[in-house]
>>> print(open('input_19.txt').read())   # compact mmCIF, C-alpha atoms
# COMPACT_ATOMS: atom_id res chain seq x y z
CA MET O 199 94.04 103.10 84.00
CA SER O 200 94.37 100.96 80.94
CA ASP O 201 96.71 98.20 79.85
CA LEU O 202 95.49 98.59 76.27
CA LYS O 203 97.58 100.74 74.01
CA MET O 204 95.57 103.88 73.33
CA PRO O 205 94.62 104.12 69.66
CA ALA O 206 95.73 107.13 67.70
CA LYS O 207 93.11 109.78 67.04
CA SER O 208 92.90 108.70 63.38
CA GLN O 209 91.88 105.14 64.33
CA ARG O 210 88.18 104.34 64.41
CA LEU O 211 86.44 102.71 67.32
CA GLY O 212 85.79 99.00 67.05
CA VAL O 213 84.43 97.90 70.43
CA PHE O 214 84.22 99.77 73.74
CA VAL O 215 83.38 98.01 77.02
CA GLU O 216 82.64 99.50 80.43
CA LEU O 217 81.68 97.32 83.39
CA ARG O 218 80.53 98.76 86.74
CA LYS O 219 81.50 96.45 89.61
CA ARG O 220 79.33 98.09 92.29
CA LEU O 221 76.23 98.16 90.09
CA GLN O 222 77.09 94.81 88.45
CA THR O 223 76.08 96.19 85.07
CA GLY O 224 77.90 96.83 81.83
CA LEU O 225 77.84 98.72 78.55
CA ILE O 226 79.15 97.57 75.17
CA ILE O 227 79.41 99.99 72.26
CA VAL O 228 80.17 98.73 68.75
CA GLY O 229 81.36 101.17 66.10
CA LYS O 230 79.47 101.62 62.85
CA GLU O 231 82.49 100.48 60.84
CA VAL O 232 82.37 97.06 62.56
CA THR O 233 78.67 96.33 62.05
CA THR O 234 75.41 98.25 61.66
CA HIS O 235 72.91 95.61 62.78
CA PRO O 236 72.37 94.50 66.40
CA GLY O 237 71.67 90.97 65.26
CA ASP O 238 75.27 90.65 64.08
CA VAL O 239 76.58 91.03 67.64
CA ALA O 240 76.77 88.05 69.99
CA VAL O 241 78.21 88.26 73.51
CA THR O 242 79.30 85.25 75.54
CA GLY O 243 81.49 84.76 78.56
CA GLU O 244 83.79 82.26 80.19
CA ASP O 245 85.79 82.40 83.42
CA SER O 246 87.08 85.98 83.63
CA CYS O 247 86.71 86.38 79.86
CA LEU O 248 84.27 88.31 77.65
CA ASN O 249 83.81 87.31 73.99
CA ILE O 250 82.21 89.74 71.53
CA ARG O 251 81.52 88.34 68.06
CA THR O 252 80.55 90.59 65.15
CA SER O 253 80.41 90.23 61.40
CA SER O 254 83.93 91.74 61.26
CA GLY O 255 85.53 89.33 63.70
CA GLU O 256 85.66 88.23 67.33
CA THR O 257 87.17 90.13 70.24
CA SER O 258 88.13 88.37 73.46
CA LEU O 259 88.80 90.46 76.57
CA ALA O 260 90.37 89.18 79.78
CA LEU O 261 88.43 90.47 82.80
CA PRO O 262 89.78 91.05 86.32
CA LYS O 263 89.67 88.00 88.55
CA GLY O 264 86.23 87.58 90.14
CA VAL O 265 84.33 89.47 87.39
CA ALA O 266 82.16 87.36 85.07
CA PHE O 267 79.53 87.97 82.38
CA GLU O 268 75.99 86.80 83.19
CA GLN O 269 75.03 84.62 80.26
CA GLY O 270 72.04 85.79 78.21
CA SER O 271 71.84 89.23 79.84
CA CYS O 272 73.08 91.30 76.87
CA ILE O 273 70.31 93.35 75.19
CA PRO O 274 70.48 96.18 72.60
CA THR O 275 69.39 99.72 73.51
CA PRO O 276 68.58 102.72 71.26
CA ALA O 277 71.02 105.05 73.08
CA GLY O 278 73.64 105.26 70.33
CA GLU O 279 71.43 105.69 67.27
CA SER O 280 72.16 109.42 66.92
CA CYS O 281 75.91 108.69 66.78
CA GLU O 282 75.50 105.67 64.50
CA GLU O 283 76.73 103.33 67.24
CA LEU O 284 75.27 100.13 68.56
CA HIS O 285 74.77 100.12 72.35
CA PHE O 286 74.17 97.03 74.47
CA ARG O 287 73.47 96.66 78.19
CA LEU O 288 74.48 93.60 80.15
CA ARG O 289 74.83 92.26 83.68
CA ILE O 290 77.91 90.90 85.42
CA THR O 291 78.61 89.03 88.61
CA VAL O 292 81.36 90.09 90.99
CA SER O 293 82.80 87.64 93.48
CA LYS O 294 82.55 88.80 97.10
CA SER O 295 85.93 87.24 97.78
CA MET O 296 87.74 89.44 95.27
CA ASP O 297 91.17 90.51 96.50
CA PRO O 298 91.44 94.24 97.25
CA GLU O 299 93.13 96.15 94.46
CA ALA O 300 96.65 97.35 95.17
CA SER O 301 97.16 101.10 95.24
CA ASP O 302 99.48 102.79 92.74
CA SER O 303 100.25 105.56 95.23
CA ALA O 304 103.79 105.91 96.61
CA LYS O 305 102.27 107.78 99.56
CA GLU O 306 100.47 104.59 100.56
CA THR O 307 103.71 102.61 100.71
CA LEU O 308 105.75 104.93 102.94
CA ARG O 309 106.10 103.70 106.51
CA ALA O 310 108.20 104.81 109.47
CA LYS O 311 111.26 102.78 110.49
CA ARG O 312 111.77 101.52 106.93
CA THR O 313 114.41 102.49 104.39
CA TYR O 314 113.52 103.95 100.99
CA CYS O 315 115.19 105.15 97.83
CA PHE O 316 113.86 108.04 95.71
CA TYR O 317 114.39 107.88 91.93
CA CYS O 318 113.91 110.47 89.21
CA GLN O 319 110.91 109.24 87.24
CA SER O 320 112.29 110.63 83.99
CA CYS O 321 115.68 108.88 83.91
CA MET O 322 115.47 106.55 86.97
CA THR O 323 118.62 108.04 88.52
CA ARG O 324 118.70 107.45 92.26
CA LEU O 325 118.23 110.89 93.85
CA LEU O 326 118.04 109.98 97.53
CA GLU O 327 119.54 106.75 98.78
CA ASP O 328 118.69 104.70 101.88
CA ARG O 329 116.49 107.26 103.63
CA GLU O 330 114.99 105.91 106.85
CA PHE O 331 112.24 108.03 108.43
CA LYS O 332 111.50 107.95 112.14
CA ARG O 333 108.14 109.58 111.48
CA VAL O 334 105.89 109.64 108.38
CA LEU O 335 103.11 112.16 109.02
CA PRO O 336 100.31 113.61 106.87
CA LEU O 337 100.16 117.37 106.48
CA PRO O 338 96.87 119.18 107.11
CA ASN O 339 94.43 119.72 104.28
CA GLY O 340 95.64 122.20 101.65
CA ASN O 341 93.08 124.78 102.90
CA TRP O 342 93.96 124.38 106.58
CA SER O 343 95.21 127.96 107.05
CA ALA O 344 91.80 129.36 106.05
CA LEU O 345 90.20 127.43 108.93
CA VAL O 346 92.57 128.53 111.70
CA ASP O 347 90.20 131.27 112.85
CA ASP O 348 87.62 128.59 113.60
CA TRP O 349 90.11 126.63 115.72
CA CYS O 350 91.78 129.38 117.75
CA CYS O 351 90.28 131.96 120.11
CA HIS O 352 93.40 134.17 119.89
CA ALA O 353 95.77 135.41 117.22
CA ASP O 354 96.76 132.91 114.54
CA PRO O 355 99.80 131.07 115.99
CA PHE O 356 100.72 129.75 112.53
CA ALA O 357 100.83 133.11 110.75
CA ASN O 358 103.83 133.43 108.43
CA ARG O 359 105.15 130.04 109.56
CA LYS O 360 105.79 127.00 107.39
CA LEU O 361 105.18 123.43 108.45
CA LEU O 362 108.58 121.85 107.93
CA PRO O 363 109.86 118.37 108.77
CA ARG O 364 112.31 117.66 111.56
CA VAL O 365 115.40 115.60 110.89
CA ASP O 366 114.40 112.06 109.78
CA ASP O 367 110.78 113.13 109.21
CA CYS O 368 108.76 112.74 106.02
CA LEU O 369 105.65 114.92 105.76
CA LEU O 370 103.00 113.96 103.21
CA GLY O 371 101.09 116.66 101.35
CA ASP O 372 98.31 116.06 98.85
CA THR O 373 100.76 115.89 95.92
CA PHE O 374 104.23 116.03 97.45
CA PHE O 375 106.71 114.79 100.05
CA LEU O 376 108.49 117.17 102.43
CA LEU O 377 111.82 115.87 103.74
CA ASN O 378 115.22 117.10 104.86
CA ARG O 379 118.05 117.29 102.39
CA ASP O 380 121.39 115.71 103.19
CA GLY O 381 124.92 115.90 101.81
CA SER O 382 124.20 113.49 98.97
CA CYS O 383 121.63 115.88 97.45
CA ASP O 384 124.41 118.07 96.08
CA GLN O 385 125.59 115.12 93.98
CA THR O 386 122.21 114.32 92.42
CA LEU O 387 120.16 117.56 92.43
CA THR O 388 120.51 121.08 91.04
CA GLU O 389 118.67 124.21 92.13
CA GLU O 390 117.49 127.24 90.13
CA VAL O 391 115.27 130.19 91.11
CA LYS O 392 112.40 130.85 88.66
CA PRO O 393 108.98 132.58 88.66
CA ALA O 394 106.20 130.50 90.24
CA GLY O 395 103.65 128.76 88.03
CA SER O 396 102.06 130.73 85.23
CA GLU O 397 102.30 134.25 86.64
CA ASP O 398 102.62 136.99 84.06
CA VAL O 399 106.15 138.21 84.61
CA GLN O 400 105.61 140.87 81.91
CA ASP O 401 103.08 142.76 84.06
CA PRO O 402 105.07 145.22 86.23
CA LYS O 403 102.05 145.73 88.52
CA LYS O 404 102.17 142.11 89.65
CA THR O 405 104.44 140.89 92.39
CA CYS O 406 106.19 137.87 90.96
CA ARG O 407 106.63 135.11 93.53
CA ARG O 408 109.74 133.05 92.84
CA LEU O 409 110.50 129.45 93.64
CA ALA O 410 113.75 127.56 94.08
CA LEU O 411 113.11 124.74 91.63
CA VAL O 412 114.97 121.47 92.13
CA SER O 413 115.97 119.29 89.15
CA CYS O 414 117.67 115.97 88.55
CA LYS O 415 121.33 116.58 87.77
CA SER O 416 121.40 113.68 85.29
CA CYS O 417 118.50 114.63 83.00
CA SER O 418 117.57 118.19 84.13
CA SER O 419 113.96 117.11 84.74
CA GLY O 420 112.23 119.12 87.46
CA VAL O 421 111.40 117.03 90.55
CA GLY O 422 110.30 119.62 93.11
CA GLU O 423 111.20 122.73 95.08
CA ALA O 424 113.52 123.82 97.87
CA VAL O 425 111.11 125.36 100.40
CA SER O 426 113.98 126.21 102.74
CA PRO O 427 117.75 125.67 102.71
CA GLU O 428 117.26 122.38 104.58
CA THR O 429 113.93 121.15 103.18
CA LEU O 430 112.94 119.58 99.86
CA LYS O 431 109.46 119.31 98.37
CA LEU O 432 109.36 116.41 95.89
CA TYR O 433 106.22 116.00 93.76
CA ILE O 434 104.68 112.53 93.61
CA THR O 435 104.43 112.85 89.82
CA GLN O 436 108.18 113.38 89.46
CA VAL O 437 109.75 110.69 91.65
CA VAL O 438 109.49 106.94 92.14
CA VAL O 439 109.76 105.70 95.74
CA GLU O 440 110.84 102.13 96.41
CA PRO O 441 111.87 100.21 99.56
CA ALA O 442 115.64 99.88 99.75
CA GLU O 443 115.49 96.27 100.88
CA GLY O 444 114.42 93.36 98.67
CA ASP O 445 114.80 92.71 94.96
CA ARG O 446 112.05 94.98 93.71
CA ASN O 447 113.21 97.23 90.90
CA PRO O 448 111.54 100.54 89.98
CA GLU O 449 109.37 100.43 86.87
CA ALA O 450 111.87 101.94 84.46
CA SER O 451 109.87 100.70 81.46
CA LEU O 452 106.67 102.51 82.51
CA SER O 453 105.93 105.33 80.08
CA ARG O 454 105.67 108.87 81.41
CA SER O 455 102.00 109.24 80.47
CA LEU O 456 101.04 105.93 82.10
CA PHE O 457 102.98 106.74 85.28
CA LEU O 458 101.30 110.15 85.49
CA GLU O 459 97.89 108.62 84.80
CA ARG O 460 98.27 105.97 87.50
CA THR O 461 99.74 108.33 90.09
CA ILE O 462 97.07 111.02 89.73
CA ALA O 463 94.23 108.49 89.57
CA ALA O 464 95.39 106.79 92.78
CA ARG O 465 95.71 110.14 94.54
CA LEU O 466 92.25 111.33 93.47
CA VAL O 467 90.70 108.12 94.79
CA GLU O 468 92.49 108.57 98.13
CA LEU O 469 91.44 112.22 98.44
CA SER O 470 87.85 111.46 97.46
CA SER O 471 87.65 108.71 100.08
CA SER O 472 89.22 110.73 102.90
CA LEU O 473 87.57 114.09 102.17
CA SER O 474 84.23 112.89 100.70
CA THR O 475 84.67 115.14 97.70
CA PHE O 476 84.42 114.47 93.97
CA HIS O 477 85.49 117.87 92.61
CA PHE O 478 89.16 118.74 92.15
CA SER O 479 90.86 121.90 90.93
CA VAL O 480 94.29 121.15 89.45
CA GLN O 481 96.37 124.25 90.14
CA THR O 482 99.86 125.59 89.50
CA PRO O 483 102.07 126.50 92.50
CA ASP O 484 100.90 130.13 92.27
CA GLY O 485 97.32 128.97 93.03
CA LYS O 486 95.96 129.54 89.51
CA PRO O 487 93.41 126.88 88.42
CA PHE O 488 94.46 125.01 85.29
CA LEU O 489 92.10 122.03 85.02
CA LEU O 490 88.81 121.14 86.73
CA LEU O 491 88.08 117.46 87.39
CA TRP O 492 84.76 115.92 88.45
CA MET O 493 85.10 112.28 89.48
CA LEU O 494 82.05 110.23 88.50
CA ASN O 495 83.10 106.78 89.74
CA SER O 496 86.14 104.65 90.48
CA ASP O 497 84.72 101.14 90.08
CA SER O 498 84.73 100.90 86.27
CA VAL O 499 86.49 98.20 84.28
CA VAL O 500 87.06 99.38 80.70
CA ALA O 501 88.58 98.43 77.37
CA SER O 502 88.69 100.40 74.12
CA VAL O 503 89.50 98.31 71.04
CA PRO O 504 90.16 100.03 67.70
CA GLU O 505 88.54 98.70 64.54
CA THR O 506 91.83 97.30 63.25
CA CYS O 507 92.17 95.09 66.35
CA VAL O 508 88.63 93.76 65.93
CA GLU O 509 89.46 92.75 62.37
CA ALA O 510 92.75 91.20 63.46
CA GLU O 511 90.94 89.00 65.96
CA ARG O 512 89.04 87.40 63.05
CA SER O 513 91.96 85.03 62.62
CA PRO O 514 92.25 82.22 65.21
CA ALA O 515 96.03 82.71 65.14
CA ALA O 516 95.53 86.20 66.57
CA VAL O 517 94.43 84.83 69.95
CA ALA O 518 97.35 84.06 72.25
CA PRO O 519 97.64 80.44 73.44
CA GLY O 520 97.51 81.53 77.09
CA GLY O 521 94.25 83.43 76.66
CA PRO O 522 93.01 86.79 75.29
CA SER O 523 95.70 89.29 74.32
CA LEU O 524 93.44 92.25 75.19
CA ARG O 525 92.60 93.09 78.78
CA ALA O 526 89.85 95.14 80.40
CA VAL O 527 91.24 96.98 83.42
CA ARG O 528 90.03 99.22 86.22
CA ALA O 529 89.61 102.91 85.44
CA LEU O 530 88.61 106.20 87.03
CA LYS O 531 85.83 107.97 85.12
CA LEU O 532 86.07 111.77 85.10
CA LEU O 533 84.54 114.86 83.61
CA TYR O 534 87.03 117.64 82.96
CA THR O 535 87.35 121.11 81.52
CA ALA O 536 90.45 123.20 80.93
CA CYS O 537 90.32 126.61 82.60
CA SER O 538 91.82 128.17 79.46
CA HIS O 539 89.00 126.85 77.23
CA PRO O 540 87.62 129.77 75.16
CA GLY O 541 84.00 128.51 75.05
CA PRO O 542 81.40 130.59 76.97
CA GLN O 543 79.86 127.53 78.64
CA GLN O 544 83.27 126.40 79.87
CA ARG O 545 84.00 129.90 81.19
CA ASP O 546 80.73 129.77 83.11
CA ILE O 547 81.73 126.42 84.63
CA VAL O 548 85.10 127.79 85.75
CA ALA O 549 83.50 130.90 87.24
CA SER O 550 80.90 128.78 89.07
CA TRP O 551 83.58 126.55 90.58
CA GLU O 552 85.60 129.57 91.71
CA VAL O 553 82.61 131.33 93.31
CA SER O 554 81.42 128.16 95.06
CA ALA O 555 84.96 127.01 95.96
CA ILE O 556 83.89 123.41 95.37
CA GLY O 557 87.12 122.07 93.87
CA HIS O 558 89.68 120.63 96.28
CA PRO O 559 93.06 122.07 95.20
CA VAL O 560 95.53 119.63 93.66
CA VAL O 561 98.78 121.57 93.20
CA LEU O 562 101.20 120.44 90.49
CA PRO O 563 104.01 122.10 88.52
CA LEU O 564 102.80 123.91 85.41
CA ARG O 565 104.54 121.44 83.09
CA VAL O 566 102.82 118.52 84.84
CA CYS O 567 99.45 120.28 84.57
CA LYS O 568 99.96 120.48 80.82
CA GLU O 569 100.99 116.82 80.67
CA LEU O 570 97.88 115.83 82.62
CA LEU O 571 95.65 117.74 80.20
CA GLU O 572 97.30 115.91 77.29
CA VAL O 573 96.63 112.57 79.02
CA MET O 574 92.97 113.52 79.49
CA GLU O 575 92.60 114.62 75.87
CA GLU O 576 94.22 111.42 74.60
CA SER O 577 91.91 109.38 76.82
CA ASN O 578 88.90 111.33 75.53
CA SER O 579 89.90 110.54 71.94
CA THR O 580 89.64 106.78 72.63
CA LEU O 581 86.02 107.01 73.81
CA PRO O 582 83.00 106.47 71.55
CA ALA O 583 81.60 109.70 70.10
CA SER O 584 78.49 109.43 72.29
CA MET O 585 80.58 109.45 75.48
CA ARG O 586 83.08 112.24 74.83
CA CYS O 587 81.05 115.17 76.17
CA MET O 588 78.52 115.72 78.96
CA ARG O 589 76.99 119.07 79.92
CA SER O 590 79.81 121.12 78.40
CA TYR O 591 82.44 118.97 80.12
CA GLU O 592 84.78 116.62 78.32
CA ARG O 593 84.81 113.05 79.56
CA GLY O 594 88.01 111.11 80.26
CA ARG O 595 89.36 108.16 82.20
CA ALA O 596 92.53 107.48 84.13
>>> encode(input="input_19.txt", output="structure tokens")
Amino acid sequence: MSDLKMPAKSQRLGVFVELRKRLQTGLIIVGKEVTTHPGDVAVTGEDSCLNIRTSSGETSLALPKGVAFEQGSCIPTPAGESCEELHFRLRITVSKSMDPEASDSAKETLRAKRTYCFYCQSCMTRLLEDREFKRVLPLPNGNWSALVDDWCCHADPFANRKLLPRVDDCLLGDTFFLLNRDGSCDQTLTEEVKPAGSEDVQDPKKTCRRLALVSCKSCSSGVGEAVSPETLKLYITQVVVEPAEGDRNPEASLSRSLFLERTIAARLVELSSSLSTFHFSVQTPDGKPFLLLWMLNSDSVVASVPETCVEAERSPAAVAPGGPSLRAVRALKLLYTACSHPGPQQRDIVASWEVSAIGHPVVLPLRVCKELLEVMEESNSTLPASMRCMRSYERGRA
């Protein structure tokens, strides 16, 4: 996740910073357009601030509270010579009393006996108002039905049965909420039956599974599915959930790409922690893999500064009176590959994942899968050239 505006693909890299809190190490990469000599780069630090001075100007980055640069620890390395980049390694200190980072996951905030409102993320129209749940329960793992034979000594008691919420229940899936619809839903939601996911409806030999898709009546943006006449499935990427009490307002100003980035990143961290897995298969509702994600680490603090910003910082007037205008923020580091990639090495990766069944399924609507791929590609474009690929995977951050 980044608070820095992502540079356009035509902009050249100025300075890239990645700090690892667990390892207490860091990497600085300086683009060739900024300087070509390691001696022109000087790194210093103050309280929660990192200063990088080059012959083109000085860049000041605000660091998260409790993270500090260890003076005199920055040394050049030959790692970026093939890409005409300057690489530097450094050490940081991380305060043991750092406050735990707040989760961006709506699933983490839901509690029983409290009242919530559900908003359409696209237009911020209130879809469900003042919903109080007597029970908020997690659903079994997405692959639970394949393990039933190991649990039961008799016929599968769950065969052909759906797990549906009771009245005033909210069931939490990996990427969705299951809850009962009420009379107000007819005023805010519309329903339309369409083919599931990316199935080829032109192939007469294929049985086309159809879904009752639910959309916001105000903006026509899809928010989920109707899994039964009484039950709604709302995807966490399509709705904003806020407590009904208090003065907190939903983040209407948050861009779609940033909301999607934060929501998926928070969910991957939760799933990795609870399931001890680092491989995820982003799938459409018909079960077809769309994107493979391999989570490398979740403790990075990163900043990517384009060359134009480095030059702008040359002027003292460019630095805000209250401190640095640029901020290094926490990020999730991922390798990814699109399942539709035509390259032979990528096809081998996809086939290997499918045979080994190593990717935990993360089911999202097809449109959201495409949006997520765009977010990953945009993130990849902001990385230094030496960090964009690894073993036939693309590298991204969220």
>>> residues_around(input="input_19.txt", residues="O:Met322", least_positions_apart="3", cutoff="12 Å", atoms="all atoms listed in the file", output="VMD selection string")
chain O and resid 315 to 319 325 to 326 386 414 to 417 419 421 436 to 440 447 to 454
>>> write_last_selection(input="input_19.txt", atoms="C-alpha atoms", output="PDB file, keeping the file's coordinate frame")
ATOM      1  CA  CYS O 315     115.190 105.150  97.830  1.00  0.00           C
ATOM      2  CA  PHE O 316     113.860 108.040  95.710  1.00  0.00           C
ATOM      3  CA  TYR O 317     114.390 107.880  91.930  1.00  0.00           C
ATOM      4  CA  CYS O 318     113.910 110.470  89.210  1.00  0.00           C
ATOM      5  CA  GLN O 319     110.910 109.240  87.240  1.00  0.00           C
ATOM      6  CA  LEU O 325     118.230 110.890  93.850  1.00  0.00           C
ATOM      7  CA  LEU O 326     118.040 109.980  97.530  1.00  0.00           C
ATOM      8  CA  THR O 386     122.210 114.320  92.420  1.00  0.00           C
ATOM      9  CA  CYS O 414     117.670 115.970  88.550  1.00  0.00           C
ATOM     10  CA  LYS O 415     121.330 116.580  87.770  1.00  0.00           C
ATOM     11  CA  SER O 416     121.400 113.680  85.290  1.00  0.00           C
ATOM     12  CA  CYS O 417     118.500 114.630  83.000  1.00  0.00           C
ATOM     13  CA  SER O 419     113.960 117.110  84.740  1.00  0.00           C
ATOM     14  CA  VAL O 421     111.400 117.030  90.550  1.00  0.00           C
ATOM     15  CA  GLN O 436     108.180 113.380  89.460  1.00  0.00           C
ATOM     16  CA  VAL O 437     109.750 110.690  91.650  1.00  0.00           C
ATOM     17  CA  VAL O 438     109.490 106.940  92.140  1.00  0.00           C
ATOM     18  CA  VAL O 439     109.760 105.700  95.740  1.00  0.00           C
ATOM     19  CA  GLU O 440     110.840 102.130  96.410  1.00  0.00           C
ATOM     20  CA  ASN O 447     113.210  97.230  90.900  1.00  0.00           C
ATOM     21  CA  PRO O 448     111.540 100.540  89.980  1.00  0.00           C
ATOM     22  CA  GLU O 449     109.370 100.430  86.870  1.00  0.00           C
ATOM     23  CA  ALA O 450     111.870 101.940  84.460  1.00  0.00           C
ATOM     24  CA  SER O 451     109.870 100.700  81.460  1.00  0.00           C
ATOM     25  CA  LEU O 452     106.670 102.510  82.510  1.00  0.00           C
ATOM     26  CA  SER O 453     105.930 105.330  80.080  1.00  0.00           C
ATOM     27  CA  ARG O 454     105.670 108.870  81.410  1.00  0.00           C
TER      28      ARG O 454
END
>>> closest_residue(input="input_19.txt", among="O:Arg220, O:Arg210, O:His285, O:Arg595", to="O:Pro236", atoms="all atoms listed in the file")
O:His285
>>> residues_around(input="input_19.txt", residues="O:Ser258", least_positions_apart="3", cutoff="7 Å", atoms="only C-alpha atoms", output="number ranges by chain")
O: 247-250, 522, 524
>>> write_last_selection(input="input_19.txt", atoms="C-alpha atoms", output="CSV table (one decimal), in the frame of the given file")
chain,number,residue,atom,x,y,z
O,247,CYS,CA,86.7,86.4,79.9
O,248,LEU,CA,84.3,88.3,77.6
O,249,ASN,CA,83.8,87.3,74.0
O,250,ILE,CA,82.2,89.7,71.5
O,522,PRO,CA,93.0,86.8,75.3
O,524,LEU,CA,93.4,92.2,75.2
>>> atom_distance(input="input_19.txt", atom1="atom CA of O:Gly278", atom2="atom CA of O:Ala583")
9.1 Å
>>> residues_around(input="input_19.txt", residues="O:Lys230", least_positions_apart="4", cutoff="10 Å", atoms="all atoms listed in the file", output="ChimeraX atom specification")
/O:210-213,234-235,281-284,505
>>> closest_residue(input="input_19.txt", among="O:Lys294, O:Ile227, O:Pro441, O:Phe286", to="O:Phe331", atoms="only C-alpha atoms")
O:Pro441
>>> residues_around(input="input_19.txt", residues="O:Leu225", least_positions_apart="3", cutoff="9 Å", atoms="all atoms listed in the file", output="VMD selection string")
chain O and resid 214 to 218 272 285 to 289
>>> write_last_selection(input="input_19.txt", atoms="C-alpha atoms", output="PDB file, in the frame of the given file")
ATOM      1  CA  PHE O 214      84.220  99.770  73.740  1.00  0.00           C
ATOM      2  CA  VAL O 215      83.380  98.010  77.020  1.00  0.00           C
ATOM      3  CA  GLU O 216      82.640  99.500  80.430  1.00  0.00           C
ATOM      4  CA  LEU O 217      81.680  97.320  83.390  1.00  0.00           C
ATOM      5  CA  ARG O 218      80.530  98.760  86.740  1.00  0.00           C
ATOM      6  CA  CYS O 272      73.080  91.300  76.870  1.00  0.00           C
ATOM      7  CA  HIS O 285      74.770 100.120  72.350  1.00  0.00           C
ATOM      8  CA  PHE O 286      74.170  97.030  74.470  1.00  0.00           C
ATOM      9  CA  ARG O 287      73.470  96.660  78.190  1.00  0.00           C
ATOM     10  CA  LEU O 288      74.480  93.600  80.150  1.00  0.00           C
ATOM     11  CA  ARG O 289      74.830  92.260  83.680  1.00  0.00           C
TER      12      ARG O 289
END
>>> closest_residue(input="input_19.txt", among="O:Met588, O:Gly420, O:Asn339, O:Met574", to="O:Ser472", atoms="all atoms listed in the file")
O:Asn339
>>> closest_residue(input="input_19.txt", among="O:Lys392, O:Lys360, O:Glu231, O:Ala424", to="O:Asn378", atoms="all atoms listed in the file")
O:Ala424
>>> residues_around(input="input_19.txt", residues="stretch 474-489 of chain O", least_positions_apart="4", cutoff="8 Å", atoms="all atoms listed in the file", output="VMD selection string")
chain O and resid 394 to 397 407 469 to 470 493 to 494 534 to 538 556 to 564 567 571
>>> closest_residue(input="input_19.txt", among="O:Gln544, O:Thr506, O:Thr435, O:Gln269", to="O:Phe457", atoms="all atoms listed in the file")
O:Thr435
